Each structure stands twice: as C-alpha cells, then as structure tokens.
Amino acid sequence: MDRPELPLPQLHAFVVLTEELHFGRAAARLGIAQPPLSQQIRRLEERVGYALFDREPGRVRLTPAGGALLPAARQALAGLADGLAAARAVGSGRSGRLRIGFAASLALTVLPGLLRDFRRLLPDAHLDIREMTTAPQLDALRDRTIDIGLLREPPADVSELGFRTVFSEPFVAVLPAAHPLAAQRMVPLAQLADERFVLLPRAVGPQLYDRITGLCEEAGFTPRISQHAVEWQTVCALVETGLGVSVAPASIRRIRLRGVAFRRIAPGTARTRVAVAWRTSDRNPLIAPLLETIDRNPRSAPRTRPRAVTPPAAPDACS
C-alpha cells in the first residue's frame, strides 16, 4: 500500500475551511491571506483527484469526496498533535517508560514510598516494576532490560554503572520462636556457631552472602548452611519450620510469621547497604527525577532501630 504524501498545511487548511465554510474567515483563523488558502485547497484537490468543496457566490459546501476525507484529516492532525505532545513530554522527562528492578525485601521498606512520591511528581510516567535479586538486576542493567535497580550490597568494580546509597540498616538473627536464644533481646553471633543456617544462594546476591558469612567468620565460626531460599520470606518460613536459623537485614522483621523471632545481634555495628543503580551512559530522562526523589525523601529509609520486645512465651510470638 502506497503511503499518501499530503502536506500538513494543506490538511490543516482543509479542516479549518470545513469548520468555517467561508474562505475569508478560514484565512483569518489560519493567519494567511485568502489567495494562499485557495491555492492550498486547490493543490489538495489536485492530489485527491476530485473537488472537495462546492464553491458558489457567498457559499461554500463540502462535496461527498470532501466529507469522506474529513474524518481521516482530523484523525491525522490529532494524531500528530498527540505525538508531538508525547515526544515533548518524554524529552522533558515528564513522561516515558522507566523499568525498575527491585529486591523483594525492599517492598517492605523503601519501594512503596519511593514509587508513590515519584508518581506524584510525574503522574504520566509509566513504571514497569520487576522483582529481581541483586545479581539478576546487575545483568539486566548491563543487558538494558531494566533502567534502574534497587538492590543490596552493590559491587565496587562495575565501571559502567552508577550507585547511590539509599539507606543502610543493621542485621538481625532470625530464630524459631521456641528457640532458647529467642528469650534474649540480643544474641551474640558466636552463640549461633553450632546452628544450621538458611541463607539466600550466593549466586543471587554474592556481596550480601559474603557479608553475612563474613560476619560469622569474624565471630569465630563458618556457618553450616543446610538450606537455601531465593527470597527472605521463604528463608523466614524455613526457619519457622525448624530447618535452621538465619542472619538477615533488620527490615525483614516486617515479615509477620507466627513462630519466628527476630533478635538484634552482637556486635551490632555491622550494617547492610541498599543502593540504587543505573547505567551512567543511559539517556532516559526519567532516571534523574527518580534519583532526585530518593535524595530529597528521607522518609524512604526505614526506621531500623530495634523495638523493645518481651521474650516470647509461646511459639506464636514474633517481633
């Protein structure tokens, strides 16, 4: 099918004339003299091959051919106007598409407030949210299948990516509620030396895995890992069944499972870092507003100060 070549000024002149049905008034609306308007209409009729208007003294009427062209002409002009508006909105960073990968645990903390504030700032932007662990996020950033990553313990040796800390939080011990150590408000990490551990696989978050196992080694032991789970909620569920204990970021306490206790660990100075990541060469105009939203919103960081809890008297206690 051949693409028609109709100059936009001719279509615009045609639509305005159909609305005014008077060459003088139509020319005034277009800001041109009447003779150039007549020339535009004549050239358009030559391209169509048929008259579009019946011209009588003091009267202009659409012909059947003109009536058939009018809906398509209006649609073409409206489509162009919409396209120009969309291009300007995307170019200015007010619209467009932003693909965001996020670690599942961040849905408990930073993600809801960040998305709410960003949508309030740019309501026309389309957000494509994808749940991913850290290592797949880094791969997706390199492959350009996501634009932004929200992850834990970013690597230090990725030259093509930029990282910015969103917040940091301490670690907690994750214990079955009936475990003897759950009666303590703080658990020295060395007291977990003889326990079996449930952890995320190293492949999905190498830096976080090494951070946790490194804390155990600093406490004098190498953790005996009996089970792996990709998500922290699954880790907590396996701990609840008695398959082991774990060490996790403090925000995991928001996972409310009966039979699981979260306790501060000693020493309590170790913290895990949550960061936003992006390609430094990326020209997506929505990246800068998202980073600015993070920077000016201290509420996005969760309150991680451990709550005072009463030692559980029954397996359904969860702190």
# chains A, B, ... in the order shown; residues from 1 in each chain; ligands from 1
>>> residues_around(residues="A:Gln75", least_positions_apart="5", cutoff="12 Å", atoms="only C-alpha atoms", output="list in words")
Leu11, His12, Val15, Leu69, Leu70, Leu80, Ala81, Asp82 and Gly83 of chain A
>>> select_by_dssp(residues="stretch 126-312 of chain A", states="strand (DSSP E)", output="PyMOL selection string")
chain A and resi 126-131+148-152+161-176+186-188+196-199+224-228+246-249+260-266+271-279
>>> residues_around(residues="A:Met132", least_positions_apart="4", cutoff="9 Å", atoms="only C-alpha atoms", output="list of chain:residue names")
A:Gly101, A:Phe102, A:Ala103, A:Ala104, A:Pro136, A:Gln137, A:Gly149, A:Leu151, A:Val204
>>> closest_atom_pairs(of="stretch 157-256 of chain A", to="stretch 272-284 of chain A", cutoff="8 Å", atoms="only C-alpha atoms", output="JSON lines")
{"residue": "A:Glu160", "atom": "CA", "partner": "A:Arg279", "partner_atom": "CA", "distance": 6.0}
{"residue": "A:Leu161", "atom": "CA", "partner": "A:Arg279", "partner_atom": "CA", "distance": 4.5}
{"residue": "A:Gly162", "atom": "CA", "partner": "A:Trp278", "partner_atom": "CA", "distance": 5.4}
{"residue": "A:Phe163", "atom": "CA", "partner": "A:Ala277", "partner_atom": "CA", "distance": 4.6}
{"residue": "A:Arg164", "atom": "CA", "partner": "A:Ala275", "partner_atom": "CA", "distance": 5.3}
{"residue": "A:Thr165", "atom": "CA", "partner": "A:Ala275", "partner_atom": "CA", "distance": 4.2}
{"residue": "A:Val166", "atom": "CA", "partner": "A:Ala275", "partner_atom": "CA", "distance": 5.0}
{"residue": "A:Phe167", "atom": "CA", "partner": "A:Val274", "partner_atom": "CA", "distance": 5.5}
{"residue": "A:Ser168", "atom": "CA", "partner": "A:Arg273", "partner_atom": "CA", "distance": 4.4}
{"residue": "A:Glu169", "atom": "CA", "partner": "A:Thr272", "partner_atom": "CA", "distance": 5.5}
{"residue": "A:Pro170", "atom": "CA", "partner": "A:Thr272", "partner_atom": "CA", "distance": 6.1}
{"residue": "A:Phe171", "atom": "CA", "partner": "A:Thr272", "partner_atom": "CA", "distance": 7.1}
{"residue": "A:Leu208", "atom": "CA", "partner": "A:Thr272", "partner_atom": "CA", "distance": 7.7}
{"residue": "A:Pro249", "atom": "CA", "partner": "A:Thr272", "partner_atom": "CA", "distance": 6.7}
>>> write_last_selection(atoms="C-alpha atoms", output="PDB file, in the first residue's frame")
ATOM      1  CA  GLU A 160      29.617   1.216  33.545  1.00  0.00           C
ATOM      2  CA  LEU A 161      27.129   1.515  36.419  1.00  0.00           C
ATOM      3  CA  GLY A 162      26.492   4.268  38.927  1.00  0.00           C
ATOM      4  CA  PHE A 163      25.456   3.540  42.506  1.00  0.00           C
ATOM      5  CA  ARG A 164      23.966   5.737  45.188  1.00  0.00           C
ATOM      6  CA  THR A 165      23.198   4.662  48.742  1.00  0.00           C
ATOM      7  CA  VAL A 166      19.513   4.827  49.647  1.00  0.00           C
ATOM      8  CA  PHE A 167      19.884   3.720  53.266  1.00  0.00           C
ATOM      9  CA  SER A 168      21.713   1.221  55.451  1.00  0.00           C
ATOM     10  CA  GLU A 169      20.364  -0.993  58.207  1.00  0.00           C
ATOM     11  CA  PRO A 170      21.680  -3.430  60.807  1.00  0.00           C
ATOM     12  CA  PHE A 171      21.391  -7.207  60.735  1.00  0.00           C
ATOM     13  CA  LEU A 208      25.273  -9.856  50.690  1.00  0.00           C
ATOM     14  CA  PRO A 249      18.670  -7.294  57.199  1.00  0.00           C
TER      15      PRO A 249
END
>>> atom_distance(atom1="atom CA of A:Asp147", atom2="atom CA of A:Arg99")
5.2 Å
>>> residues_around(residues="A:Val230", least_positions_apart="4", cutoff="8 Å", atoms="only C-alpha atoms", output="PyMOL selection string")
chain A and resi 133+200-201+204+234-235
>>> decode(residues="stretch 96-110 of chain A", atoms="N, CA and C atoms", output="PDB file, in the first residue's frame")
ATOM      1  N   GLY A  96       7.125   8.963  29.576  1.00  0.00           N
ATOM      2  CA  GLY A  96       8.014   7.919  29.113  1.00  0.00           C
ATOM      3  C   GLY A  96       7.889   6.685  29.978  1.00  0.00           C
ATOM      4  N   ARG A  97       8.835   5.776  29.813  1.00  0.00           N
ATOM      5  CA  ARG A  97       8.794   4.477  30.490  1.00  0.00           C
ATOM      6  C   ARG A  97      10.077   4.276  31.282  1.00  0.00           C
ATOM      7  N   LEU A  98       9.916   3.828  32.527  1.00  0.00           N
ATOM      8  CA  LEU A  98      11.068   3.534  33.382  1.00  0.00           C
ATOM      9  C   LEU A  98      10.901   2.123  33.934  1.00  0.00           C
ATOM     10  N   ARG A  99      11.869   1.261  33.620  1.00  0.00           N
ATOM     11  CA  ARG A  99      11.832  -0.131  34.064  1.00  0.00           C
ATOM     12  C   ARG A  99      12.699  -0.265  35.315  1.00  0.00           C
ATOM     13  N   ILE A 100      12.090  -0.696  36.415  1.00  0.00           N
ATOM     14  CA  ILE A 100      12.762  -0.723  37.716  1.00  0.00           C
ATOM     15  C   ILE A 100      12.815  -2.150  38.233  1.00  0.00           C
ATOM     16  N   GLY A 101      14.015  -2.629  38.511  1.00  0.00           N
ATOM     17  CA  GLY A 101      14.185  -3.897  39.208  1.00  0.00           C
ATOM     18  C   GLY A 101      14.348  -3.632  40.697  1.00  0.00           C
ATOM     19  N   PHE A 102      13.812  -4.519  41.531  1.00  0.00           N
ATOM     20  CA  PHE A 102      13.929  -4.292  42.980  1.00  0.00           C
ATOM     21  C   PHE A 102      14.047  -5.616  43.707  1.00  0.00           C
ATOM     22  N   ALA A 103      14.847  -5.609  44.768  1.00  0.00           N
ATOM     23  CA  ALA A 103      14.925  -6.770  45.651  1.00  0.00           C
ATOM     24  C   ALA A 103      13.625  -6.880  46.435  1.00  0.00           C
ATOM     25  N   ALA A 104      13.129  -8.105  46.596  1.00  0.00           N
ATOM     26  CA  ALA A 104      11.799  -8.297  47.185  1.00  0.00           C
ATOM     27  C   ALA A 104      11.693  -7.693  48.575  1.00  0.00           C
ATOM     28  N   SER A 105      12.767  -7.754  49.361  1.00  0.00           N
ATOM     29  CA  SER A 105      12.689  -7.221  50.724  1.00  0.00           C
ATOM     30  C   SER A 105      12.446  -5.725  50.745  1.00  0.00           C
ATOM     31  N   LEU A 106      12.780  -5.033  49.655  1.00  0.00           N
ATOM     32  CA  LEU A 106      12.596  -3.579  49.622  1.00  0.00           C
ATOM     33  C   LEU A 106      11.129  -3.194  49.459  1.00  0.00           C
ATOM     34  N   ALA A 107      10.289  -4.149  49.077  1.00  0.00           N
ATOM     35  CA  ALA A 107       8.851  -3.882  49.064  1.00  0.00           C
ATOM     36  C   ALA A 107       8.334  -3.670  50.480  1.00  0.00           C
ATOM     37  N   LEU A 108       9.111  -4.090  51.474  1.00  0.00           N
ATOM     38  CA  LEU A 108       8.732  -3.892  52.873  1.00  0.00           C
ATOM     39  C   LEU A 108       9.189  -2.545  53.395  1.00  0.00           C
ATOM     40  N   THR A 109      10.035  -1.845  52.641  1.00  0.00           N
ATOM     41  CA  THR A 109      10.641  -0.628  53.184  1.00  0.00           C
ATOM     42  C   THR A 109      10.556   0.527  52.198  1.00  0.00           C
ATOM     43  N   VAL A 110      11.561   0.654  51.357  1.00  0.00           N
ATOM     44  CA  VAL A 110      11.745   1.873  50.577  1.00  0.00           C
ATOM     45  C   VAL A 110      10.839   1.954  49.355  1.00  0.00           C
TER      46      VAL A 110
END
